[in-house]
$ cat data.cif   # mmCIF, C-alpha atoms and all ligand atoms
data_run
#
loop_
_atom_site.label_atom_id
_atom_site.label_comp_id
_atom_site.auth_asym_id
_atom_site.auth_seq_id
_atom_site.Cartn_x
_atom_site.Cartn_y
_atom_site.Cartn_z
CA MET A 82 22.20 195.50 27.05
CA SER A 83 22.39 198.39 24.64
CA ALA A 84 25.17 200.74 23.61
CA VAL A 85 23.41 203.52 25.51
CA HIS A 86 23.48 201.42 28.66
CA ALA A 87 27.13 200.49 28.12
CA LEU A 88 28.00 204.18 27.84
CA LYS A 89 26.13 204.98 31.03
CA LEU A 90 27.85 202.21 32.97
CA ALA A 91 31.26 203.27 31.69
CA ARG A 92 30.71 206.88 32.69
CA ALA A 93 29.39 205.82 36.08
CA ALA A 94 32.68 203.91 36.48
CA GLY A 95 34.57 207.14 35.82
CA VAL A 96 35.62 206.42 32.23
CA ARG A 97 35.85 209.40 29.90
CA ILE A 98 35.01 208.32 26.38
CA GLY A 99 35.81 210.05 23.15
CA ILE A 100 36.15 209.13 19.50
CA ASP A 101 39.15 209.43 17.26
CA GLY A 102 38.30 208.46 13.70
CA ASP A 103 36.98 204.93 13.89
CA ALA A 104 38.41 204.25 17.33
CA LEU A 105 37.10 204.81 20.83
CA THR A 106 39.41 206.67 23.18
CA LEU A 107 39.13 205.85 26.86
CA ASP A 108 40.56 207.75 29.75
CA ALA A 109 40.12 207.14 33.47
CA ASP A 110 41.79 208.05 36.73
CA ALA A 111 41.56 204.48 37.99
CA ALA A 112 41.40 201.24 36.06
CA PRO A 113 37.73 200.59 35.23
CA PRO A 114 36.18 197.16 35.81
CA SER A 115 36.97 194.81 32.95
CA ALA A 116 33.24 194.08 32.55
CA VAL A 117 32.76 197.73 31.56
CA LEU A 118 35.59 197.58 29.04
CA ASP A 119 34.19 194.34 27.61
CA LEU A 120 30.81 195.98 27.18
CA LEU A 121 32.30 198.98 25.40
CA ALA A 122 34.31 196.69 23.15
CA HIS A 123 31.23 194.62 22.41
CA HIS A 124 29.15 197.71 21.45
CA LYS A 125 32.02 199.65 19.94
CA ALA A 126 30.40 200.44 16.59
CA GLN A 127 27.13 201.58 18.17
CA VAL A 128 28.93 203.59 20.86
CA ILE A 129 30.92 205.41 18.18
CA ALA A 130 27.71 206.05 16.25
CA LEU A 131 26.13 207.48 19.38
CA LEU A 132 29.03 209.81 20.08
CA ARG A 133 29.75 210.99 16.55
CA PRO A 134 27.92 214.16 15.55
CA GLY A 135 25.87 213.90 12.38
CA GLY A 136 25.73 216.42 9.57
CA ASP A 137 23.39 218.52 11.71
CA GLY A 138 25.98 218.82 14.50
CA TRP A 139 24.12 216.56 16.94
CA SER A 140 25.24 213.08 17.92
CA GLY A 141 22.90 210.23 18.80
CA GLU A 142 23.52 211.06 22.44
CA ASP A 143 22.45 214.65 21.89
CA TRP A 144 19.24 213.42 20.30
CA ARG A 145 18.62 210.98 23.11
CA ALA A 146 19.19 213.71 25.72
CA PHE A 147 16.79 216.01 23.87
CA PHE A 148 14.23 213.20 23.68
CA ASP A 149 14.57 212.35 27.39
CA GLU A 150 14.25 215.98 28.38
CA ARG A 151 11.12 216.48 26.27
CA ALA A 152 9.57 213.24 27.50
CA GLY A 153 10.28 214.24 31.10
CA ILE A 154 8.66 217.64 30.63
CA ALA A 155 5.56 216.11 29.02
CA GLU A 156 5.29 213.42 31.70
CA PHE A 157 5.99 215.41 34.85
CA ASP A 158 4.95 218.94 33.92
CA GLY A 159 2.28 217.97 31.40
CA GLY A 160 0.91 215.05 33.41
CA LEU A 161 0.86 212.67 30.43
CA PRO A 162 1.25 208.91 30.72
CA ARG A 163 4.74 207.76 29.78
CA ASP A 164 3.83 206.36 26.35
CA GLN A 165 2.08 209.57 25.32
CA ALA A 166 4.91 211.65 26.72
CA GLU A 167 7.36 209.64 24.62
CA ALA A 168 5.22 210.03 21.51
CA ARG A 169 5.16 213.78 22.04
CA ALA A 170 8.92 213.83 22.67
CA PHE A 171 9.48 211.96 19.42
CA ALA A 172 7.38 214.52 17.55
CA CYS A 173 9.56 217.26 19.08
CA CYS A 174 12.68 215.42 17.89
CA ALA A 175 11.25 215.15 14.37
CA THR A 176 10.54 218.89 14.29
CA GLU A 177 14.02 219.65 15.62
CA TRP A 178 15.58 217.32 13.05
CA LEU A 179 13.74 219.11 10.23
CA ASN A 180 14.99 222.47 11.53
CA ARG A 181 18.53 221.17 11.73
CA ASN A 182 18.45 219.53 8.31
CA PRO A 183 17.00 222.25 6.13
CA VAL A 184 16.51 221.81 2.43
CA ARG A 185 16.82 224.33 -0.37
CA SER A 186 14.83 224.34 -3.50
CA PRO A 187 16.58 225.08 -6.79
CA PRO A 188 16.04 228.77 -7.68
CA GLY A 189 12.49 229.34 -8.84
CA ARG A 190 11.61 225.65 -8.63
CA CYS A 191 9.17 223.76 -6.46
CA LEU A 192 10.78 221.35 -4.05
CA GLY A 193 7.90 218.91 -4.45
CA CYS A 194 7.43 218.57 -8.20
CA GLY A 195 10.50 220.45 -9.49
CA GLU A 196 8.45 222.72 -11.71
CA ALA A 197 8.56 226.48 -11.93
CA GLU A 198 5.99 228.88 -10.59
CA HIS A 199 2.66 229.05 -12.42
CA SER A 200 0.60 232.21 -12.56
CA HIS A 201 -2.30 230.37 -10.93
CA ASP A 202 -0.08 228.51 -8.48
CA PRO A 203 2.67 230.65 -6.97
CA LEU A 204 5.55 229.17 -5.00
CA LEU A 205 5.23 229.67 -1.27
CA PRO A 206 8.04 229.57 1.28
CA PHE A 207 8.02 226.72 3.74
CA GLY A 208 9.06 227.17 7.36
CA THR A 209 9.82 230.19 9.46
CA GLU A 210 13.49 229.54 10.08
CA PRO A 211 15.78 231.97 8.27
CA THR A 212 17.89 229.01 7.09
CA ASP A 213 14.94 227.47 5.28
CA ASP A 214 14.97 228.12 1.59
CA ALA A 215 12.30 225.70 0.60
CA TRP A 216 9.63 226.88 -1.83
CA LEU A 217 6.65 224.85 -2.90
CA HIS A 218 3.35 225.00 -4.73
CA SER A 219 0.58 224.87 -2.17
CA ARG A 220 -0.76 221.68 -3.81
CA CYS A 221 2.68 220.02 -3.53
CA TRP A 222 3.06 220.88 0.11
CA PRO A 223 1.18 218.03 1.88
CA ALA A 224 2.97 215.19 0.07
CA TRP A 225 6.34 216.85 0.41
CA HIS A 226 5.82 217.54 4.09
CA ALA A 227 4.77 213.94 4.71
CA SER A 228 7.91 212.63 3.01
CA ARG A 229 10.13 215.04 4.96
CA LYS A 230 8.53 213.82 8.16
CA ALA A 231 9.15 210.23 7.15
CA GLU A 232 12.76 211.18 6.47
CA ALA A 233 13.11 212.62 9.98
CA VAL A 234 11.52 209.56 11.56
CA ALA A 235 13.85 207.24 9.61
CA ALA A 236 16.91 209.28 10.63
CA LEU A 237 15.90 209.29 14.28
CA ALA A 238 14.89 205.63 14.39
CA PHE A 239 18.59 204.83 14.21
CA PHE A 240 19.07 206.16 17.72
ZN ZN B 1 5.12 221.77 -7.11
#
$ encode --input "data.cif" --output "structure tokens" --more "lines below"
Ligand SMILES: [Zn+2]
Amino acid sequence: MSAVHALKLARAAGVRIGIDGDALTLDADAAPPSAVLDLLAHHKAQVIALLRPGGDGWSGEDWRAFFDERAGIAEFDGGLPRDQAEARAFACCATEWLNRNPVRSPPGRCLGCGEAEHSHDPLLPFGTEPTDDAWLHSRCWPAWHASRKAEAVAALAFF
């Protein structure tokens, strides 16, 4: 039984769940089954983590919903087997995470090696998003991109 499942059960039982600081707030029209409350209490920390938005404005639940939607599209519209659909959905999440967690390079410096522009190796902008202010030497790009990807995967693995 996971925190995600506990949340689902609680909502199915008509419980509205919010967070207030480090506490869960529960609200319901009728008293929910005590088993549901026990589950929420048992998974309290994880439930709060799921509901709390991160620095990028998305909570764990938002990420999970995005993942499920992408996996569903790849599976049912794209005709992929479930495991491949999930792999593709995870790649979509990683891309979205990178867009939502942009990085800036120090002015005139490469984000990869930290050095300034060289005449033979100009700094190139990374990404197409207007919020992206990342500049890199072309030779620094592959390693930097790989580490950014690893960062996204690590951040998402939590959910
Ligand atoms: Zn560099």
$ closest_residue --input "data.cif" --among "A:Arg133, A:Ala146, A:Ala166, A:Pro183" --to "A:Gly99" --atoms "all atoms listed in the file"
A:Arg133
$ residues_near_ligand --input "data.cif" --ligand "ligand ZN 1 (chain B)" --cutoff "8 Å" --atoms "only C-alpha atoms and all ligand atoms" --output "list in words"
Arg190, Cys191, Leu192, Gly193, Cys194, Gly195, Glu196, Ala197, Glu198, Leu204, Leu217, His218, Ser219, Arg220, Cys221 and Trp222 of chain A
$ atom_distance --input "data.cif" --atom1 "atom CA of A:Ala170" --atom2 "atom CA of A:Glu150"
8.1 Å
$ closest_residue --input "data.cif" --among "A:Val128, A:Leu205, A:Ala168, A:Leu107" --to "A:Ser186" --atoms "only C-alpha atoms"
A:Leu205
$ residues_around --input "data.cif" --residues "A:Trp139" --least-positions-apart "3" --cutoff "12 Å" --atoms "only C-alpha atoms" --output "list in words"
Ala130, Leu131, Leu132, Arg133, Pro134, Gly135, Gly136, Glu142, Asp143, Trp144, Arg145, Ala146, Phe147, Cys174, Glu177, Trp178, Arg181, Asn182, Leu237 and Phe240 of chain A
$ closest_residue --input "data.cif" --among "A:Gly141, A:Pro114, A:Gly159, A:Pro203" --to "A:Trp216" --atoms "only C-alpha atoms"
A:Pro203
$ atom_distance --input "data.cif" --atom1 "atom CA of A:Ala233" --atom2 "atom CA of A:Cys173"
10.8 Å
$ closest_residue --input "data.cif" --among "A:His86, A:His199, A:Gln127, A:Ser115" --to "A:Ser140" --atoms "only C-alpha atoms"
A:Gln127
$ axis_aligned_box --input "data.cif" --around "stretch 229-240 of chain A" --padding-each-side "5 Å" --output "lines of an AutoDock Vina configuration file"
center_x = 13.8
center_y = 209.9
center_z = 11.3
size_x = 20.5
size_y = 20.2
size_z = 22.8
$ closest_residue --input "data.cif" --among "A:Ala215, A:Leu179, A:Leu90, A:Val96" --to "A:Ala112" --atoms "all atoms listed in the file"
A:Val96
$ closest_residue --input "data.cif" --among "A:Ala111, A:Lys125, A:Asp101, A:Ala175" --to "A:Ala227" --atoms "all atoms listed in the file"
A:Ala175
$ atom_distance --input "data.cif" --atom1 "atom CA of A:Ala91" --atom2 "atom CA of A:Val117"
5.7 Å
